[in-house]
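Undergrad: I'd like to ask you about the structure that follows.
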Amino acid sequence: MSHAWLQNLLYLALLLGLAFPLGGFMARVLEGQRTFLHPVLGPIERGLYRLMGIREDEDMDWKAYAWSITLIKLLGLVAVFLLMKTQASLPLNPEHQANVATDLSFNTAVSFITNTNWQAYSGETTLSYLTQMLGLTVQNFLSAATGIAVLVALIRGITRRSVTGLGNAWVDLVRSVLYILLPMALVFALFLVSQGVIQNLAAYVHTSSGQVLAMGPAASQIAIKMLGTNGGGFFGANGAHPFENSSPLSNFTQMLAILLIPAALCLAFGQMVKDRRQGWALLAAMSLIFVGALSVCTQAEVVGNPALNRLAVSQVASTVSGAEQPGGNMEGKELRFGPGGSALWATATTAASNGSVNAMHDSFTPLGGLVPLWLMQLGEVVFGGVGSGLYGMLMFALVGVFIGGLMVGRTPEYLGKKVEAFEMKMASIAILLPCAAVLIGTAASVLNPSAMAAVSNPGPHGFTQILYAWSSSANNNGSAFAGLSVNTHFYNYGLALAMLLGRFGVFWPVLALAGSLVQKKHTPEGLGTLPTHTPLFVGVLIGVVLLVGALTFIPALALGPIAEQLALR
Amino acid sequence: MNTQLRPALVSFLALSLLTGLAYPLLTTGLAKVLFPHQALGSLVYRDGQVLGSEWIGQSFTAPRDFWGRPSATVDANNKPLPYNAANSGGSNLAPSNPDLHNAVQARIATLKAADPDAQGPVPVDLVTASGSGLDPHISPAAAAYQVRRVAKARGLDEAKVRDLVVAQIEGPALGVIGESRVNVLKLNLALDQLR
């Protein structure tokens, strides 16, 4: 047996083990309680509020909250766009990277403000260090922090009674960045450098044999790229690049960093709604789907590519001393990670809205590639993006109690709040908009000959490349079947639209729903209440998530990866 | 919405300076002090010249050197340029793509031509392109497969070369994290020292 399975087990144990203390810490920060970081960072926090002219206890209704989040995203959009359009005349550009084309600049700006980090460019051939730092690194922080803020507003909608205020967006944003994201990123970045990830402002190095080594401030961006479920690579090869992910340990810790905050937020949620079992139930549902997906992907990649079986090549893992080899499907994979470390990364990165890759998903086996594709299509609620994963999963939880309520003929409620027609409308919009964007975008591409010309692999796999691109952007993931040539007007603008829809089209209905919940009275638990912390509810929740994902996408998946797998021999 | 303009602008500017300048520059400074070798790319020097980076593979094609994994990187004009460390990337060939099958077949033929008496199937990592195109490692099996060719081309004792390879093997961290591997650049440099 490949030790990939043991690596998976160790990963799950560490992930869940670390999520508990971090969840408790984050709940304290988000509720405004003091932590061990406050003596140092407290003055900075208060100074920021004074500069902004706000008070900590100033409440916003849902519309003001949503507009605040929208405003800071629009400012980010303008800033990244302008940096890319003018980088040639700005400092920190030792390689003299030229200004970037308008469609690519727009696509990239949208991609980073929406936490998608879809990349139609290669960092080392396109961007100056200033653009990477002041443009992209900033959005790595802010897009994650806005995800946390929206989640916290939704939680307040559940816990507060008969009021209109959801908290203050600026306070939630500042606290997320200052106490959670920034300290973790700094420590993690330094650890990555110790492993061989580069961090400098030097010009590219020319070796005596003529090789040119790309340089740059990579570690600081990669740390928040992983912790904030962003995923945008400093280099074109993303986490496969040795300067971005140098060692097995850097790989393992980066994989942990992908799911750590999303997992911990489930536990923070339980603490904030004053019923820890609620957090455990959500975490259990996510973990169970994750384990299933991970097992399929690992098995598919460890077994290897059937099409190569007739050649004189060995794809069988060996542990014979002095002749070890990982075997498996190694096209597009790095040796230090092997098929196991690549399958685990692919599953984690698409369960979350991370979208980084440490291996080329385009070269995965059909079933191995189906797993990341489908995880994205489920709406990235299996852990999911920082904040956005849990607020997405809570939408499914509402649908779950609604279906449960229909079965027994009672008005459904979740954590003491009645779930009525308006809430169901908002939850349905938040769940179905990205699905619609995926299918409509894919159909539009297939009907457009110039969009079809972007495909690089023949047969069903070519269709999968297109389906993957739309699934990735509409769900704000950002990973790609990278063979598709997406740096065209059609894809740059079309996918940008899908990314905007996938972010704004979800957090607006979520906040509207929160604004409705927060005004409701608390309904005491009765005989007809469906408890939402039991194994039964975990089962209902998993069922709802899988059912929506299956009903929406199985026809498309049958045309792509499933057809390819059946034909592969 | 107007009342939110000032906090929006101020928080955006302040957080941009904090996370976009202060944080990366502080990281750069601390990295330079704590891990100067790694921060600058773990460069390998010989006679005062930069030979490369221990983390970035190089294109070795002579029979007397151990070869690394195939690389699908290209130059600025999209022409193949293996191990181009200024433009990383993989082949993105699908498992079902006949081009992948043919490329693997051709690589096997090249290996067999360089060492006609080589026994057994070729380890898969030696005939498949890596994700970055810059993979610095091959598996111990892929190194073992090349020992005879290298020993013959250098006029060295096969057992001596084999021992050198074994000495260069790095195992998985904690026994399960990552894979056993051999760094091709380091192996070839160690080989140059052997006589």
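If you're wondering about the labels, chains in the structure tokens are A, B, ... by order shown, residues count from 1 in each chain, ligands from 1 in order shown.
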Residues of region 48-109 of chain B within 9 Å of region 181-184 of chain B: nearest atom pair and distance (Å, one decimal) for each, counting only C-alpha atoms, sorted by chain and number, as a tab-separated table?
TA:
```
residue	atom	partner	partner_atom	distance
B:Glu54	CA	B:Asn183	CA	7.8
B:Trp55	CA	B:Asn183	CA	8.3
B:Gly57	CA	B:Val184	CA	7.2
B:Gln58	CA	B:Val184	CA	8.2
B:Phe60	CA	B:Val184	CA	8.9
B:Asp65	CA	B:Val184	CA	8.9
B:Phe66	CA	B:Val184	CA	6.6
B:Trp67	CA	B:Val184	CA	7.1
B:Gly68	CA	B:Val184	CA	6.1
```
Undergrad: Using only all heavy atoms, please write the residues we just selected to a file, as a short mmCIF file (atom, residue, chain, number, x, y, z; two decimals), in the first residue's frame.
TA:
```cif
data_model
loop_
_atom_site.label_atom_id
_atom_site.label_comp_id
_atom_site.auth_asym_id
_atom_site.auth_seq_id
_atom_site.Cartn_x
_atom_site.Cartn_y
_atom_site.Cartn_z
N GLU B 54 19.59 24.80 -5.79
CA GLU B 54 19.41 23.40 -5.42
C GLU B 54 17.96 22.96 -5.63
O GLU B 54 17.67 21.78 -5.74
CB GLU B 54 19.87 23.15 -3.98
CG GLU B 54 18.88 23.47 -2.91
CD GLU B 54 19.41 23.09 -1.52
OE1 GLU B 54 20.26 23.82 -0.97
OE2 GLU B 54 18.96 22.06 -1.01
N TRP B 55 17.01 23.93 -5.70
CA TRP B 55 15.60 23.59 -5.85
C TRP B 55 15.13 23.58 -7.30
O TRP B 55 14.01 23.18 -7.58
CB TRP B 55 14.71 24.56 -5.06
CG TRP B 55 14.91 24.43 -3.60
CD1 TRP B 55 15.40 25.37 -2.76
CD2 TRP B 55 14.63 23.28 -2.79
NE1 TRP B 55 15.45 24.89 -1.48
CE2 TRP B 55 14.99 23.60 -1.47
CE3 TRP B 55 14.13 22.00 -3.06
CZ2 TRP B 55 14.84 22.71 -0.42
CZ3 TRP B 55 13.99 21.11 -2.01
CH2 TRP B 55 14.35 21.47 -0.70
N GLY B 57 15.58 22.31 -11.09
CA GLY B 57 16.24 21.33 -11.92
C GLY B 57 16.90 21.96 -13.14
O GLY B 57 16.58 23.09 -13.52
N GLN B 58 17.84 21.23 -13.74
CA GLN B 58 18.49 21.72 -14.95
C GLN B 58 18.43 20.63 -16.00
O GLN B 58 18.23 19.47 -15.70
CB GLN B 58 19.95 22.08 -14.65
CG GLN B 58 20.08 23.16 -13.60
CD GLN B 58 21.51 23.63 -13.42
OE1 GLN B 58 22.41 23.26 -14.19
NE2 GLN B 58 21.73 24.43 -12.38
N PHE B 60 19.94 18.12 -18.15
CA PHE B 60 21.13 17.30 -18.37
C PHE B 60 20.82 16.29 -19.48
O PHE B 60 19.82 15.57 -19.41
CB PHE B 60 21.50 16.53 -17.09
CG PHE B 60 21.98 17.40 -15.98
CD1 PHE B 60 21.15 17.70 -14.90
CD2 PHE B 60 23.27 17.94 -16.00
CE1 PHE B 60 21.60 18.50 -13.87
CE2 PHE B 60 23.72 18.75 -14.95
CZ PHE B 60 22.88 19.03 -13.88
N ASP B 65 25.98 12.20 -17.44
CA ASP B 65 25.23 12.82 -16.32
C ASP B 65 23.95 12.04 -16.05
O ASP B 65 23.39 11.41 -16.95
CB ASP B 65 24.84 14.26 -16.67
CG ASP B 65 26.03 15.19 -16.65
OD1 ASP B 65 26.89 15.02 -15.76
OD2 ASP B 65 26.10 16.08 -17.53
N PHE B 66 23.48 12.11 -14.80
CA PHE B 66 22.13 11.64 -14.51
C PHE B 66 21.14 12.65 -15.11
O PHE B 66 21.34 13.85 -14.99
CB PHE B 66 21.91 11.51 -13.01
CG PHE B 66 22.52 10.26 -12.44
CD1 PHE B 66 23.81 10.28 -11.92
CD2 PHE B 66 21.80 9.07 -12.45
CE1 PHE B 66 24.38 9.13 -11.41
CE2 PHE B 66 22.36 7.91 -11.94
CZ PHE B 66 23.66 7.93 -11.42
N TRP B 67 20.10 12.12 -15.78
CA TRP B 67 19.11 13.00 -16.38
C TRP B 67 17.96 13.23 -15.41
O TRP B 67 17.59 12.33 -14.65
CB TRP B 67 18.54 12.38 -17.67
CG TRP B 67 19.58 12.12 -18.71
CD1 TRP B 67 20.86 12.61 -18.73
CD2 TRP B 67 19.46 11.29 -19.87
NE1 TRP B 67 21.54 12.15 -19.82
CE2 TRP B 67 20.70 11.34 -20.55
CE3 TRP B 67 18.42 10.53 -20.41
CZ2 TRP B 67 20.94 10.64 -21.74
CZ3 TRP B 67 18.65 9.84 -21.60
CH2 TRP B 67 19.89 9.90 -22.26
N GLY B 68 17.41 14.43 -15.47
CA GLY B 68 16.24 14.74 -14.66
C GLY B 68 14.97 14.35 -15.38
O GLY B 68 15.00 13.64 -16.40
#
```
Undergrad: Check region 37-146 of chain B with DSSP on the backbone and list each residue it calls strand (DSSP E or B), as a ChimeraX atom specification.
TA: /B:43-46,49-53,74,80,122-123,137-138
Undergrad: Just N, CA, C and O atoms for this one: save the residues we selected as a PDB file, in the first residue's frame.
TA:
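Printed below is out-v3.pdb as written:
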```pdb
ATOM      1  N   LEU B  43      21.055  29.222  -3.715  1.00  0.00           N
ATOM      2  CA  LEU B  43      21.926  29.143  -4.889  1.00  0.00           C
ATOM      3  C   LEU B  43      23.138  28.259  -4.615  1.00  0.00           C
ATOM      4  O   LEU B  43      23.649  28.185  -3.499  1.00  0.00           O
ATOM      5  N   VAL B  44      23.578  27.575  -5.662  1.00  0.00           N
ATOM      6  CA  VAL B  44      24.748  26.703  -5.582  1.00  0.00           C
ATOM      7  C   VAL B  44      25.883  27.374  -6.349  1.00  0.00           C
ATOM      8  O   VAL B  44      25.711  27.735  -7.517  1.00  0.00           O
ATOM      9  N   TYR B  45      27.031  27.556  -5.690  1.00  0.00           N
ATOM     10  CA  TYR B  45      28.162  28.227  -6.328  1.00  0.00           C
ATOM     11  C   TYR B  45      29.302  27.237  -6.586  1.00  0.00           C
ATOM     12  O   TYR B  45      29.474  26.265  -5.852  1.00  0.00           O
ATOM     13  N   ARG B  46      30.060  27.468  -7.655  1.00  0.00           N
ATOM     14  CA  ARG B  46      31.339  26.777  -7.811  1.00  0.00           C
ATOM     15  C   ARG B  46      32.323  27.764  -8.423  1.00  0.00           C
ATOM     16  O   ARG B  46      32.002  28.409  -9.422  1.00  0.00           O
ATOM     17  N   GLN B  49      31.078  31.269  -9.196  1.00  0.00           N
ATOM     18  CA  GLN B  49      29.996  31.476 -10.168  1.00  0.00           C
ATOM     19  C   GLN B  49      28.724  30.762  -9.730  1.00  0.00           C
ATOM     20  O   GLN B  49      28.803  29.696  -9.113  1.00  0.00           O
ATOM     21  N   VAL B  50      27.562  31.336 -10.067  1.00  0.00           N
ATOM     22  CA  VAL B  50      26.297  30.686  -9.731  1.00  0.00           C
ATOM     23  C   VAL B  50      26.064  29.537 -10.705  1.00  0.00           C
ATOM     24  O   VAL B  50      25.939  29.738 -11.913  1.00  0.00           O
ATOM     25  N   LEU B  51      26.022  28.310 -10.161  1.00  0.00           N
ATOM     26  CA  LEU B  51      25.758  27.152 -11.017  1.00  0.00           C
ATOM     27  C   LEU B  51      24.267  26.945 -11.220  1.00  0.00           C
ATOM     28  O   LEU B  51      23.829  26.363 -12.206  1.00  0.00           O
ATOM     29  N   GLY B  52      23.472  27.367 -10.228  1.00  0.00           N
ATOM     30  CA  GLY B  52      22.027  27.152 -10.279  1.00  0.00           C
ATOM     31  C   GLY B  52      21.474  27.205  -8.880  1.00  0.00           C
ATOM     32  O   GLY B  52      22.107  27.729  -7.965  1.00  0.00           O
ATOM     33  N   SER B  53      20.274  26.664  -8.719  1.00  0.00           N
ATOM     34  CA  SER B  53      19.653  26.593  -7.406  1.00  0.00           C
ATOM     35  C   SER B  53      19.440  25.134  -7.059  1.00  0.00           C
ATOM     36  O   SER B  53      19.134  24.319  -7.936  1.00  0.00           O
ATOM     37  N   VAL B  74       8.551  26.323 -22.012  1.00  0.00           N
ATOM     38  CA  VAL B  74       8.789  26.926 -23.329  1.00  0.00           C
ATOM     39  C   VAL B  74       9.465  28.285 -23.157  1.00  0.00           C
ATOM     40  O   VAL B  74       9.508  28.830 -22.064  1.00  0.00           O
ATOM     41  N   PRO B  80       9.806  24.959 -27.383  1.00  0.00           N
ATOM     42  CA  PRO B  80      10.285  24.178 -26.232  1.00  0.00           C
ATOM     43  C   PRO B  80      11.636  24.675 -25.727  1.00  0.00           C
ATOM     44  O   PRO B  80      12.551  24.912 -26.522  1.00  0.00           O
ATOM     45  N   VAL B 122      10.872   1.240 -17.425  1.00  0.00           N
ATOM     46  CA  VAL B 122      11.403   2.518 -16.958  1.00  0.00           C
ATOM     47  C   VAL B 122      10.484   3.071 -15.861  1.00  0.00           C
ATOM     48  O   VAL B 122       9.269   3.070 -16.021  1.00  0.00           O
ATOM     49  N   PRO B 123      11.039   3.550 -14.738  1.00  0.00           N
ATOM     50  CA  PRO B 123      10.200   4.189 -13.718  1.00  0.00           C
ATOM     51  C   PRO B 123       9.445   5.368 -14.326  1.00  0.00           C
ATOM     52  O   PRO B 123      10.020   6.161 -15.075  1.00  0.00           O
ATOM     53  N   HIS B 137      14.110  16.821  -8.675  1.00  0.00           N
ATOM     54  CA  HIS B 137      14.315  15.455  -8.188  1.00  0.00           C
ATOM     55  C   HIS B 137      13.922  14.385  -9.206  1.00  0.00           C
ATOM     56  O   HIS B 137      13.113  14.620 -10.093  1.00  0.00           O
ATOM     57  N   ILE B 138      14.502  13.201  -9.034  1.00  0.00           N
ATOM     58  CA  ILE B 138      13.982  11.981  -9.633  1.00  0.00           C
ATOM     59  C   ILE B 138      13.860  10.948  -8.512  1.00  0.00           C
ATOM     60  O   ILE B 138      14.413  11.133  -7.425  1.00  0.00           O
TER      61      ILE B 138
END
```
Undergrad: What residues in chain B get the DSSP label helix (DSSP H, G or I)? Please answer as a VMD selection string.
TA: chain B and resid 2 to 34 36 to 39 98 to 114 124 to 126 140 to 154 158 to 168 184 to 193
Undergrad: Keeping only C-alpha atoms, write the selected residues as a PDB file, in the first residue's frame.
TA:
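Written file, again_17.pdb:
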```
ATOM      1  CA  ASN B   2     -22.197  58.055   1.379  1.00  0.00           C
ATOM      2  CA  THR B   3     -21.464  57.825   5.079  1.00  0.00           C
ATOM      3  CA  GLN B   4     -19.393  54.718   4.368  1.00  0.00           C
ATOM      4  CA  LEU B   5     -17.133  56.432   1.826  1.00  0.00           C
ATOM      5  CA  ARG B   6     -14.613  57.760   4.343  1.00  0.00           C
ATOM      6  CA  PRO B   7     -14.188  54.525   6.286  1.00  0.00           C
ATOM      7  CA  ALA B   8     -13.981  52.643   2.983  1.00  0.00           C
ATOM      8  CA  LEU B   9     -11.232  54.845   1.578  1.00  0.00           C
ATOM      9  CA  VAL B  10      -9.278  55.072   4.822  1.00  0.00           C
ATOM     10  CA  SER B  11      -9.478  51.385   5.636  1.00  0.00           C
ATOM     11  CA  PHE B  12      -8.538  50.446   2.096  1.00  0.00           C
ATOM     12  CA  LEU B  13      -5.484  52.698   2.108  1.00  0.00           C
ATOM     13  CA  ALA B  14      -4.394  51.758   5.618  1.00  0.00           C
ATOM     14  CA  LEU B  15      -4.849  48.034   5.133  1.00  0.00           C
ATOM     15  CA  SER B  16      -3.116  48.237   1.724  1.00  0.00           C
ATOM     16  CA  LEU B  17      -0.057  49.840   3.293  1.00  0.00           C
ATOM     17  CA  LEU B  18      -0.122  47.336   6.158  1.00  0.00           C
ATOM     18  CA  THR B  19      -0.596  44.133   4.142  1.00  0.00           C
ATOM     19  CA  GLY B  20       0.874  45.232   0.789  1.00  0.00           C
ATOM     20  CA  LEU B  21       4.036  47.013   1.903  1.00  0.00           C
ATOM     21  CA  ALA B  22       4.745  46.671   5.635  1.00  0.00           C
ATOM     22  CA  TYR B  23       4.040  42.935   5.771  1.00  0.00           C
ATOM     23  CA  PRO B  24       6.006  41.781   2.679  1.00  0.00           C
ATOM     24  CA  LEU B  25       8.893  44.121   3.456  1.00  0.00           C
ATOM     25  CA  LEU B  26       9.041  42.970   7.087  1.00  0.00           C
ATOM     26  CA  THR B  27       8.989  39.357   5.895  1.00  0.00           C
ATOM     27  CA  THR B  28      11.779  40.125   3.427  1.00  0.00           C
ATOM     28  CA  GLY B  29      13.873  41.727   6.166  1.00  0.00           C
ATOM     29  CA  LEU B  30      13.347  38.945   8.682  1.00  0.00           C
ATOM     30  CA  ALA B  31      13.969  36.267   6.037  1.00  0.00           C
ATOM     31  CA  LYS B  32      17.239  37.930   5.092  1.00  0.00           C
ATOM     32  CA  VAL B  33      18.399  37.799   8.705  1.00  0.00           C
ATOM     33  CA  LEU B  34      17.055  34.371   9.651  1.00  0.00           C
ATOM     34  CA  PRO B  36      19.581  34.336   4.019  1.00  0.00           C
ATOM     35  CA  HIS B  37      20.525  31.295   1.906  1.00  0.00           C
ATOM     36  CA  GLN B  38      16.938  30.122   1.319  1.00  0.00           C
ATOM     37  CA  ALA B  39      15.460  33.607   0.859  1.00  0.00           C
ATOM     38  CA  PRO B  98      -2.365  10.365 -27.918  1.00  0.00           C
ATOM     39  CA  ASP B  99       0.396  13.023 -27.808  1.00  0.00           C
ATOM     40  CA  LEU B 100       1.145  11.974 -24.209  1.00  0.00           C
ATOM     41  CA  HIS B 101       1.348   8.305 -25.170  1.00  0.00           C
ATOM     42  CA  ASN B 102       3.669   9.134 -28.067  1.00  0.00           C
ATOM     43  CA  ALA B 103       5.883  11.423 -25.994  1.00  0.00           C
ATOM     44  CA  VAL B 104       6.332   8.770 -23.306  1.00  0.00           C
ATOM     45  CA  GLN B 105       7.092   6.174 -25.984  1.00  0.00           C
ATOM     46  CA  ALA B 106       9.750   8.436 -27.535  1.00  0.00           C
ATOM     47  CA  ARG B 107      11.381   9.087 -24.144  1.00  0.00           C
ATOM     48  CA  ILE B 108      11.575   5.370 -23.423  1.00  0.00           C
ATOM     49  CA  ALA B 109      13.219   4.886 -26.823  1.00  0.00           C
ATOM     50  CA  THR B 110      15.788   7.606 -26.054  1.00  0.00           C
ATOM     51  CA  LEU B 111      16.677   5.989 -22.716  1.00  0.00           C
ATOM     52  CA  LYS B 112      16.990   2.559 -24.329  1.00  0.00           C
ATOM     53  CA  ALA B 113      19.160   3.965 -27.127  1.00  0.00           C
ATOM     54  CA  ALA B 114      21.537   5.487 -24.581  1.00  0.00           C
ATOM     55  CA  VAL B 124       7.288   6.414 -14.728  1.00  0.00           C
ATOM     56  CA  ASP B 125       8.708   9.628 -13.266  1.00  0.00           C
ATOM     57  CA  LEU B 126      11.656   9.457 -15.679  1.00  0.00           C
ATOM     58  CA  PRO B 140      15.734   6.532  -6.441  1.00  0.00           C
ATOM     59  CA  ALA B 141      14.449   3.965  -8.931  1.00  0.00           C
ATOM     60  CA  ALA B 142      14.908   6.419 -11.803  1.00  0.00           C
ATOM     61  CA  ALA B 143      18.459   7.089 -10.631  1.00  0.00           C
ATOM     62  CA  ALA B 144      19.184   3.369 -10.300  1.00  0.00           C
ATOM     63  CA  TYR B 145      17.939   2.869 -13.859  1.00  0.00           C
ATOM     64  CA  GLN B 146      20.667   5.239 -15.116  1.00  0.00           C
ATOM     65  CA  VAL B 147      23.596   4.014 -12.996  1.00  0.00           C
ATOM     66  CA  ARG B 148      25.048   1.688 -15.615  1.00  0.00           C
ATOM     67  CA  ARG B 149      24.955   4.251 -18.428  1.00  0.00           C
ATOM     68  CA  VAL B 150      26.595   6.933 -16.275  1.00  0.00           C
ATOM     69  CA  ALA B 151      29.264   4.575 -14.902  1.00  0.00           C
ATOM     70  CA  LYS B 152      30.146   3.398 -18.396  1.00  0.00           C
ATOM     71  CA  ALA B 153      30.314   6.917 -19.848  1.00  0.00           C
ATOM     72  CA  ARG B 154      32.567   8.073 -17.028  1.00  0.00           C
ATOM     73  CA  GLU B 158      29.189   0.713 -11.270  1.00  0.00           C
ATOM     74  CA  ALA B 159      29.074  -0.198  -7.567  1.00  0.00           C
ATOM     75  CA  LYS B 160      30.774   3.076  -6.668  1.00  0.00           C
ATOM     76  CA  VAL B 161      28.192   5.095  -8.592  1.00  0.00           C
ATOM     77  CA  ARG B 162      25.388   3.050  -7.077  1.00  0.00           C
ATOM     78  CA  ASP B 163      26.700   3.791  -3.560  1.00  0.00           C
ATOM     79  CA  LEU B 164      26.833   7.479  -4.394  1.00  0.00           C
ATOM     80  CA  VAL B 165      23.177   7.436  -5.474  1.00  0.00           C
ATOM     81  CA  VAL B 166      22.119   5.643  -2.294  1.00  0.00           C
ATOM     82  CA  ALA B 167      23.993   8.214  -0.211  1.00  0.00           C
ATOM     83  CA  GLN B 168      22.038  10.997  -1.927  1.00  0.00           C
ATOM     84  CA  VAL B 184      19.778  15.483  -9.757  1.00  0.00           C
ATOM     85  CA  LEU B 185      21.992  18.597  -9.672  1.00  0.00           C
ATOM     86  CA  LYS B 186      23.532  17.617  -6.336  1.00  0.00           C
ATOM     87  CA  LEU B 187      24.028  14.038  -7.547  1.00  0.00           C
ATOM     88  CA  ASN B 188      25.823  15.167 -10.706  1.00  0.00           C
ATOM     89  CA  LEU B 189      27.996  17.590  -8.745  1.00  0.00           C
ATOM     90  CA  ALA B 190      28.925  14.791  -6.311  1.00  0.00           C
ATOM     91  CA  LEU B 191      29.682  12.592  -9.311  1.00  0.00           C
ATOM     92  CA  ASP B 192      32.169  15.167 -10.592  1.00  0.00           C
ATOM     93  CA  GLN B 193      34.056  14.811  -7.301  1.00  0.00           C
TER      94      GLN B 193
END
```
Undergrad: Which residues are close to Ile224 (chain A), i.e. within 12 Å by only C-alpha atoms, leaving aside same-chain residues fewer than 5 positions away? Reply as a compact mmCIF listing (two decimals) with C-alpha atoms, in the first residue's frame.
TA:
```txt
# COMPACT_ATOMS: atom_id res chain seq x y z
CA ASN A 115 -11.12 35.47 -3.79
CA MET A 133 2.67 43.02 -3.29
CA LEU A 136 -2.41 41.07 -5.24
CA THR A 137 -1.13 40.41 -1.71
CA VAL A 138 -3.50 43.07 -0.37
CA GLN A 139 -6.47 41.43 -2.05
CA ASN A 140 -5.34 38.06 -0.70
CA PHE A 141 -5.96 39.54 2.75
CA LEU A 142 -9.03 41.63 2.03
CA SER A 143 -11.02 39.09 0.03
CA ALA A 144 -10.55 36.56 2.84
CA ALA A 145 -11.39 39.15 5.51
CA VAL A 177 -6.98 41.10 9.13
CA ILE A 180 -6.21 36.46 12.56
CA LEU A 181 -4.78 36.70 9.05
CA LEU A 182 -1.73 38.93 9.47
CA PRO A 183 -0.06 37.20 12.46
CA MET A 184 -0.65 33.73 11.01
CA ALA A 185 0.67 34.81 7.60
CA LEU A 186 3.85 36.33 9.04
CA VAL A 187 4.76 33.21 11.02
CA PHE A 188 3.86 30.89 8.14
CA ALA A 189 5.78 32.94 5.57
CA LEU A 190 8.96 32.67 7.64
CA LEU A 192 8.13 28.61 4.27
CA ALA A 218 7.10 34.91 -2.96
CA ALA A 219 6.79 33.57 0.61
CA THR A 229 -8.08 30.26 0.54
CA ASN A 230 -6.97 32.52 -2.30
CA GLY A 231 -4.76 30.26 -4.37
CA GLY A 232 -3.20 32.70 -6.81
CA GLY A 233 0.36 31.59 -7.50
CA PHE A 234 3.35 33.87 -7.44
CA GLN A 254 0.49 24.55 2.82
CA ALA A 257 -3.18 26.04 5.71
CA ILE A 258 -5.82 25.66 2.98
CA ILE A 261 -9.33 28.53 8.95
CA ASN A 354 -8.41 27.95 -2.73
CA SER A 356 -3.91 26.72 -5.99
CA VAL A 386 -12.58 31.47 4.39
CA THR B 19 -0.60 44.13 4.14
CA GLY B 20 0.87 45.23 0.79
CA TYR B 23 4.04 42.94 5.77
CA PRO B 24 6.01 41.78 2.68
```
Undergrad: Using only C-alpha atoms, which residues sit within 6 Å of Arg503 (chain A) once same-chain residues fewer than 3 positions away are excluded, as a count of residues only?
TA: 3
Undergrad: List as JSON, numbers by chain the protein and nucleic acid residues near region 77-83 of chain A, meaning an atom at most 9 Å away when only C-alpha atoms are counted, but skip any in the same chain fewer than 2 places from it.
TA: {"A": [72, 73, 74, 75, 85, 86, 87, 90, 99, 102, 105, 106, 107, 108, 109, 110, 112, 113, 130, 131, 134, 135, 136, 139]}
